[in-house]
Every structure is written in structure tokens, then in C-alpha cells.
Amino acid sequence: MRRRNRAGMWMVLPLTIFTLIFVAAPLLYMVFLSFASQSSSGFGVEWKFTLENYKRILDPVYRNTFYGSLRLAFSTTALNILLGYPFGYFMAKLSAKKKKAAVLFLMLPFWLNSLIRLYGWIILLQKKGLVNEVLLRLHLIDKPLKILYSYPAILIGMVYVLLPFMALSVYSSAEKLDWSLAEAARDLGAGRCYAFFTIIFPLTLPGLFSGIILTFIPSMGLFFIADILGGNKIVLVGSLIQEQMTRGNNWPFAAALAMVLLVVTSLLLGLYKKLTNSDVLEGIG
Amino acid sequence: MNQVSLELRNVTKRFEKELVLDGISLQVEKGEFLTLLGSSGCGKTTTLRIIAGLETPDQGQVLLNGEDVTALPPEKRAVNTIFQSYALFPHMTVEENVGYALKLRRVPRQEIRKRTSEMLDLVRLSGFEKRKPEKLSGGQKQRVAIARALIGNPGVLLLDEPLGALDLQLRRTMQRELKRLQQYLGVTFIYVTHDQEEAINMSDRIAVMHRGRLEQIGTPDEIYNHPRTSYAARFVGNANLFTGMVESISEEGAWVSVSGGRVLLGCPAGTSLQKGEKATFAVRSENVQVLVQDQEGCAAVVKEKSFLAGQLRLILSMPDGRELAASRFGIDSDFEPGQKVKWTFPARQGVLLDREEQNA
């Protein structure tokens, strides 16, 4: 037994080393960095303990950036649930052949760089783009809408990039579902809706939950979508960090921002996990 | 005649282009235990699903207590089903599973608890209220499924091979238990199985199904002793089938020629036959008497000898190469493979089958 344990230890050693070097060390470096300050020359870091960076984040400008990012992340996730849940659910109800095709179509965009796909959206959303053309032709609007470089454009881009994650995780959950359970519910006297909300929905919650995690976390940090479709008008935490790292050359402040982002996201996830682990699942049943 | 609980009128169903049910008509009395018996793919489960409302027939009607329910969805029918896989809700406790039908009818909580515990008592599962289905054995799951289906007092209970996943001993116990429940509650049971023993043990009547059609419907005794079609004869009790020409008619019955000799079909089976006619008849293996060679009977050779479920079974080979099974209780036998023998059967034990079946 002991020998086997020792062998097991050797097996996980590479992984442990990898994690230490590429996850723990950089994270620790970030923590130290966030308490240092930008050197007065404008280049490099002055290693002297200070809370200045964190104090600066409390400044309304930066605080609002966080609020804005959270708002975008929440609305992205909400829209993804509304669109992605039915998407994944109905995909699971297709015939085996159509299912395969649907999964393929959902995966297809992943083969193309998401930056390039976002440029595609610029073409679609611009003043004389396809969306406006169609709306004009249908006489739904009199003059072209200014969608591009606005908040809705960012939201569209975010939902577009993250939707497959939601749809696929709901799908994987719904696909494993024993549909005779729904039949049993209806046999016992439940209408379609009642059967859905008491049986199907609770049993697909694991898929919905992993979908929420898979869309919420990235949507807190995806900055290039806001940059491309928002035309730099709307600043998100992600863009702010990138800005401070590159043009601002203020690594300590960028590190502090990243730490706060990390803590906020972890707290939300922790809260969410606590909620879903306890009574949410059973309360619905 | 008692009140009719369920009636099917000429129910027909196709999947894609395949005809699954071909004009099924039957009536079930209130409190009756009817078994749909047949091999897999004969349409028995589809019949059950049509009664439950989970499938719509292409033609025909389903009547419950004289009311046409063909167009009603499953939730509007006073029919409950016990599914083959039990279909217990995995995220609910035993109590919640059983109380589901009451909860959705907004029955007060207190009453749900009371009736749930009564129901669990009835299926002998008290004390399991708070368990999740995954923590139950197959037999216990089965009991939960029964309690869940019966709590709403359905007029008709449909059971789709409910004992298929259980081992033999448990199956026997559950057979008795189901029968006890059915008699106690007076609910009409429509029971689907491919197990003829189960069907004979439990049913008031058996409906033998084959290729989407009802072959024969009757009491276990009728089906077993007087099968009308070759399928029913073969499926229920593995009868030997013979086809032969009627040689002569006498007072005792009809003499029919078979490979290796001739046999007498007694009254009433033999009486309607005419000389020169072809007759198809069935003889159960336990009614075949094997005799030593110098006795009167048809000639055959012993091919195999085996011992199965308390019975000695001899396979005889007839001169035309066809086989014939004979069985009796006990393990001692003077016959050995290769031995030339004679065989016969009591004239009354030959069951004449429907004429339409003769070319089958």
C-alpha cells in the first residue's frame, strides 16, 4: 500500500511542479507586485510596501469601471441563460443525426479566431451593414440605427462569443436525461409546464450551473470585445488592466486591479456555490 | 357482465411505415387483471402507451369507463403507469416521489403526508420516506413506483414488464404482492409481459399478441389448454405442432396421418373435421407418451435427453426429420438417445387450431 502511494506521488509530481511554476508563482508575484509602486522614472517597479494601489481603486473612476464590468457580466450571463438554455434543451431533443449536425455547427466558429469573427460583427452592425439594411427594407426603422460602438454592440459580441459554452453545457446535461421521467410526471397528472419545472428543469440544473460559470468568469475579463465593438468608449476592468500594463506601464496598479477582479469573481463564485449546494436544488423539487 | 373499465376499438398504429398495431379491439372489466402476452416487438408496450396517452393511435378509439379519451393528453386520463425502468424522480425522496400526484393537485400537505405513509405501508416500505431512489434496491424501487402510481386512485393501472429487472425469487414474491394489491384495491390491471408463467400465475385473462394483432384472448386455462392459433400454442407452454391429412372419421374422433404413423384427435376437436381435409393441431410436451417400440403408436427415434426444471425432457426425431418434445416429472427414464420408440397422446389432448393458421 505504502509503495503504491509513493508511486502515486511520483506520478503527480510533474503536475505539482507545473502548477507551482506556472500558477502559484505568478500569482504570488502578482500579490507582491500589487503592494509595490511604479518607479518614479516611469519604467520598472519600486519594491516598497504600499497600499496606494488599492486606495486608488476606490476612486469613483475605477470603482465605476468595476460596477460597469459586473453589470455587463451579469447581463451577458442572463442573456446567455435566456438564449442558451432553450438552445441546448431543444438540441437534446433532436434525432441522433440532427444532434450531431447541431453540435458541429455550434463548434464550427471555434475553428476561427474570435477576433476575426468579431470583425465580422463590425461589418454586420455598421451603419450600412446587413442588420440595418434588413431593418430598413422591412420598414421597421426609418434611418439606420447606431448599434456599432455602443453598449448593445458589446453585449451582442459577448453573448455571441460565450453562447456556445452555455448551450453545450445545457445540452450535455439534457442529453443524459431520461425522458421517461417526463412521461411519468405527465402520466401522474402533471401538465407540460408543471412536468418541466418540477422534473426536467431541476435535473438539467447542473448543466445550467456549469454554463453560468463558463460564461460569467470570462465575461468579467474579456476586454477585446469591448475594444472592438465598443470602440473604446466603454472601459471594462479587463481593458483597464491591459491599458495599465501596456501603455500606462504601471504594473503594480494593474496587479492590484487584477487581484481585486480575482477576489470579486471568487467571492461571487463562492456565494453561488454555497447557494446551489444547499437548498436551491431541492427547494425546486 | 360487469362494468367495462377500458375498451379499445380497432386501435391501429404505424411507426414510420411499419404497422405496429393492427386493429386491436378488446374490453376489460372493472377490477380485472388482464395480461398482454407476447414476445418483444409484438406491440404490447405500444398498446399500453396508447392507453396511457403517451402515444396517439392512427386509427381507433380508447374508451375509459365508456368515455372516449383518445384525444386526451396523459395527464387528463385516470390511468397510471408503472414503467419498465420505474422512472422514479432521482432528485426527490421516496416520500416526494409517492406524493407527486397529490402535490400537483394541491392536496393539503398534512393529507399528502398521511396518504403517502398509508401507501408506503401498503407496499411495505415504511421507514424509507426520506431516502433518495439511488439508495434503494431494485425491489424497493419497484415498490415506490407502485405506491406512486396507485396513490391517485387510478381506475386502471398499466404495468410495463414491471418485474423484468428483478431476479427470479424476488419476481415470484412481487407477483404475489401485486396480485394481493390488485385484489385489495380492486383496480383494473393491464399487465405487459413476455413471461408466460407470470401471465398464467397472475391474470384473470390473457391476451396473446403477435405481430401487432390479438391472437387470442381468454382465461389462462383457455389459453393453455385450448390455444386457437399455432402462435398461442407455441408461445404459451411450448406445444408441439402437427399438420396432417384426415384419414377417417370414427365415433371416437378423427384419425390424422402424421410422419411415422397416425393419431386420433378426440372429441370435440375431431368432430368438425371432414375426411381428406388438412388439420393443424397442437399437443403439449407433457401429454406426449413415449412407449417402447413394440407398442401401438407413431414411430420415432430418441434424439436428446435432458433434465430441466424438475422435468425430464426427451426430444424425438420423426421420420420426416421434424422434432417433437415429450416431458414428464422425475429423472428416471428407460429411454436413451438413439433408441427407436413409439409415441402417442390421449385423444382429448390434441388441440385443433384455427383453420386460417394452417398455412402459417
# chains A, B, ... in the order shown; residues from 1 in each chain; ligands from 1
>>> select_by_dssp(residues="region 123-174 of chain B", states="helix (DSSP H, G or I)", output="ChimeraX atom specification")
/B:133-135,138-150,168-174
>>> residues_around(residues="region 245-248 of chain A", least_positions_apart="2", cutoff="12 Å", atoms="only C-alpha atoms", output="ChimeraX atom specification")
/A:38,42-45,238-243,250-258
>>> residues_around(residues="Leu214 (chain A)", least_positions_apart="3", cutoff="9 Å", atoms="only C-alpha atoms", output="JSON list (two decimals) with N, CA, C and O atoms, in the first residue's frame")
[["chain", "number", "residue", "atom", "x", "y", "z"],
["A", 162, "LEU", "N", -19.85, 33.79, -26.09],
["A", 162, "LEU", "CA", -20.00, 32.87, -24.97],
["A", 162, "LEU", "C", -21.19, 31.91, -25.07],
["A", 162, "LEU", "O", -21.27, 30.94, -24.32],
["A", 165, "PHE", "N", -20.82, 28.01, -25.07],
["A", 165, "PHE", "CA", -20.46, 27.36, -23.80],
["A", 165, "PHE", "C", -21.72, 27.04, -23.00],
["A", 165, "PHE", "O", -21.84, 25.98, -22.40],
["A", 166, "MET", "N", -22.65, 28.00, -23.00],
["A", 166, "MET", "CA", -23.90, 27.78, -22.27],
["A", 166, "MET", "C", -24.72, 26.68, -22.95],
["A", 166, "MET", "O", -25.16, 25.73, -22.31],
["A", 169, "SER", "N", -23.19, 23.20, -22.49],
["A", 169, "SER", "CA", -23.27, 22.55, -21.17],
["A", 169, "SER", "C", -24.70, 22.20, -20.80],
["A", 169, "SER", "O", -24.94, 21.19, -20.15],
["A", 209, "PHE", "N", -25.79, 25.40, -14.39],
["A", 209, "PHE", "CA", -24.82, 25.96, -13.46],
["A", 209, "PHE", "C", -23.42, 26.00, -14.06],
["A", 209, "PHE", "O", -22.73, 27.00, -13.97],
["A", 210, "SER", "N", -23.01, 24.90, -14.70],
["A", 210, "SER", "CA", -21.65, 24.94, -15.28],
["A", 210, "SER", "C", -21.63, 25.93, -16.43],
["A", 210, "SER", "O", -20.63, 26.59, -16.66],
["A", 211, "GLY", "N", -22.76, 26.07, -17.14],
["A", 211, "GLY", "CA", -22.85, 27.07, -18.20],
["A", 211, "GLY", "C", -22.69, 28.48, -17.64],
["A", 211, "GLY", "O", -22.00, 29.32, -18.23],
["A", 217, "ILE", "N", -17.40, 33.93, -15.70],
["A", 217, "ILE", "CA", -15.98, 34.23, -15.46],
["A", 217, "ILE", "C", -15.33, 34.91, -16.66],
["A", 217, "ILE", "O", -14.74, 35.98, -16.52],
["A", 218, "PRO", "N", -15.44, 34.33, -17.86],
["A", 218, "PRO", "CA", -14.82, 35.02, -18.99],
["A", 218, "PRO", "C", -15.42, 36.40, -19.24],
["A", 218, "PRO", "O", -14.70, 37.32, -19.61],
["A", 219, "SER", "N", -16.71, 36.56, -19.01],
["A", 219, "SER", "CA", -17.31, 37.85, -19.33],
["A", 219, "SER", "C", -16.82, 38.96, -18.39],
["A", 219, "SER", "O", -16.95, 40.13, -18.69]]
>>> interface_residues(of="chain A", to="chain B", cutoff="9 Å", atoms="only C-alpha atoms", output="mmCIF file with N, CA and C atoms, in the first residue's frame")
data_model
loop_
_atom_site.group_PDB
_atom_site.id
_atom_site.type_symbol
_atom_site.label_atom_id
_atom_site.label_comp_id
_atom_site.auth_asym_id
_atom_site.auth_seq_id
_atom_site.Cartn_x
_atom_site.Cartn_y
_atom_site.Cartn_z
ATOM 1 N N ASP A 178 -33.266 11.122 -18.699
ATOM 2 C CA ASP A 178 -34.151 10.001 -19.003
ATOM 3 C C ASP A 178 -35.543 10.594 -19.269
ATOM 4 N N TRP A 179 -35.922 10.644 -20.549
ATOM 5 C CA TRP A 179 -37.167 11.337 -20.902
ATOM 6 C C TRP A 179 -38.401 10.602 -20.399
ATOM 7 N N SER A 180 -38.230 9.348 -20.010
ATOM 8 C CA SER A 180 -39.392 8.648 -19.468
ATOM 9 C C SER A 180 -39.811 9.279 -18.132
ATOM 10 N N LEU A 181 -38.903 10.052 -17.504
ATOM 11 C CA LEU A 181 -39.266 10.751 -16.277
ATOM 12 C C LEU A 181 -40.346 11.783 -16.547
ATOM 13 N N ALA A 182 -40.201 12.476 -17.672
ATOM 14 C CA ALA A 182 -41.215 13.469 -18.041
ATOM 15 C C ALA A 182 -42.535 12.775 -18.351
ATOM 16 N N GLU A 183 -42.436 11.627 -18.998
ATOM 17 C CA GLU A 183 -43.653 10.859 -19.294
ATOM 18 C C GLU A 183 -44.313 10.407 -18.003
ATOM 19 N N ALA A 184 -43.491 9.961 -17.054
ATOM 20 C CA ALA A 184 -44.035 9.516 -15.773
ATOM 21 C C ALA A 184 -44.759 10.664 -15.081
ATOM 22 N N ALA A 185 -44.155 11.855 -15.130
ATOM 23 C CA ALA A 185 -44.765 13.019 -14.489
ATOM 24 C C ALA A 185 -46.127 13.321 -15.116
ATOM 25 N N ARG A 186 -46.178 13.282 -16.438
ATOM 26 C CA ARG A 186 -47.437 13.588 -17.119
ATOM 27 C C ARG A 186 -48.449 12.481 -16.866
ATOM 28 N N ASP A 187 -47.969 11.267 -16.801
ATOM 29 C CA ASP A 187 -48.845 10.141 -16.506
ATOM 30 C C ASP A 187 -49.492 10.314 -15.131
ATOM 31 N N LEU A 188 -48.739 10.934 -14.218
ATOM 32 C CA LEU A 188 -49.260 11.123 -12.862
ATOM 33 C C LEU A 188 -50.170 12.343 -12.762
ATOM 34 N N GLY A 189 -50.310 13.058 -13.880
ATOM 35 C CA GLY A 189 -51.267 14.154 -13.879
ATOM 36 C C GLY A 189 -50.667 15.535 -14.052
ATOM 37 N N ALA A 190 -49.356 15.617 -14.314
ATOM 38 C CA ALA A 190 -48.728 16.922 -14.470
ATOM 39 C C ALA A 190 -48.892 17.416 -15.899
ATOM 40 N N GLY A 191 -49.232 18.687 -16.048
ATOM 41 C CA GLY A 191 -49.264 19.293 -17.373
ATOM 42 C C GLY A 191 -47.841 19.470 -17.873
ATOM 43 N N ARG A 192 -47.715 19.858 -19.156
ATOM 44 C CA ARG A 192 -46.395 20.042 -19.750
ATOM 45 C C ARG A 192 -45.498 20.945 -18.911
ATOM 46 N N TYR A 194 -45.834 22.039 -15.699
ATOM 47 C CA TYR A 194 -45.556 21.539 -14.355
ATOM 48 C C TYR A 194 -44.481 20.457 -14.412
ATOM 49 N N ILE A 199 -39.556 18.483 -12.921
ATOM 50 C CA ILE A 199 -38.707 17.329 -13.244
ATOM 51 C C ILE A 199 -37.544 17.710 -14.160
ATOM 52 N N PRO A 202 -35.112 20.937 -12.879
ATOM 53 C CA PRO A 202 -34.179 20.621 -11.791
ATOM 54 C C PRO A 202 -33.080 19.645 -12.210
ATOM 55 N N LEU A 203 -33.417 18.730 -13.104
ATOM 56 C CA LEU A 203 -32.423 17.722 -13.492
ATOM 57 C C LEU A 203 -31.418 18.260 -14.507
ATOM 58 N N LEU A 281 -31.326 23.375 -5.152
ATOM 59 C CA LEU A 281 -31.670 22.190 -5.938
ATOM 60 C C LEU A 281 -32.909 21.493 -5.399
ATOM 61 N N GLU A 282 -32.944 21.326 -4.075
ATOM 62 C CA GLU A 282 -34.054 20.576 -3.500
ATOM 63 C C GLU A 282 -35.314 21.413 -3.390
ATOM 64 N N GLY A 285 -37.676 21.042 -6.317
ATOM 65 C CA GLY A 285 -38.444 19.813 -6.344
ATOM 66 C C GLY A 285 -39.549 19.865 -5.309
#
>>> select_by_dssp(residues="region 35-279 of chain A", states="strand (DSSP E or B)", output="list in words")
Ser37, Gln38, Val45 and Glu46 of chain A
>>> write_last_selection(atoms="C-alpha atoms", output="compact mmCIF listing (two decimals), in the first residue's frame")
# COMPACT_ATOMS: atom_id res chain seq x y z
CA SER A 37 4.64 51.08 -6.77
CA GLN A 38 5.60 52.37 -10.17
CA VAL A 45 8.88 48.76 -10.26
CA GLU A 46 9.86 50.19 -6.93
>>> residues_around(residues="Leu261 (chain A)", least_positions_apart="5", cutoff="9 Å", atoms="only C-alpha atoms", output="mmCIF file with N, CA and C atoms, in the first residue's frame")
data_model
loop_
_atom_site.group_PDB
_atom_site.id
_atom_site.type_symbol
_atom_site.label_atom_id
_atom_site.label_comp_id
_atom_site.auth_asym_id
_atom_site.auth_seq_id
_atom_site.Cartn_x
_atom_site.Cartn_y
_atom_site.Cartn_z
ATOM 1 N N PHE A 66 -15.451 48.881 -12.287
ATOM 2 C CA PHE A 66 -15.818 47.568 -11.752
ATOM 3 C C PHE A 66 -17.325 47.340 -11.828
ATOM 4 N N MET A 220 -16.232 38.585 -17.256
ATOM 5 C CA MET A 220 -15.619 39.607 -16.397
ATOM 6 C C MET A 220 -14.303 40.088 -16.993
ATOM 7 N N GLY A 221 -13.679 39.252 -17.783
ATOM 8 C CA GLY A 221 -12.334 39.603 -18.225
ATOM 9 C C GLY A 221 -12.162 39.865 -19.717
ATOM 10 N N VAL A 237 -12.921 46.416 -16.700
ATOM 11 C CA VAL A 237 -11.763 46.105 -15.867
ATOM 12 C C VAL A 237 -10.679 45.451 -16.705
ATOM 13 N N GLY A 238 -11.101 44.539 -17.569
ATOM 14 C CA GLY A 238 -10.141 43.847 -18.424
ATOM 15 C C GLY A 238 -9.329 44.823 -19.251
ATOM 16 N N ALA A 256 -2.843 45.201 -8.832
ATOM 17 C CA ALA A 256 -3.859 45.437 -7.806
ATOM 18 C C ALA A 256 -5.251 45.271 -8.402
ATOM 19 N N SER A 266 -14.054 35.383 -7.354
ATOM 20 C CA SER A 266 -14.041 34.222 -6.454
ATOM 21 C C SER A 266 -15.156 34.309 -5.428
#
>>> residues_around(residues="region 138-152 of chain A", least_positions_apart="2", cutoff="12 Å", atoms="only C-alpha atoms", output="PyMOL selection string")
chain A and resi 68-69+71-72+75-76+79+118-136+154-160+225-236
>>> residues_around(residues="Ala199 (chain B)", least_positions_apart="2", cutoff="12 Å", atoms="only C-alpha atoms", output="number ranges by chain")
B: 33-38, 161, 163, 172, 175, 179, 190-197, 201-208, 218-221, 223-224, 235-237
>>> residues_around(residues="Asp58 (chain B)", least_positions_apart="6", cutoff="10 Å", atoms="only C-alpha atoms", output="list in words")
Val11, Thr12, Lys13, Arg14, Phe15 and Leu21 of chain B
>>> atom_distance(atom1="CA of Gly139 (chain B)", atom2="CA of Leu158 (chain B)")
18.0 Å
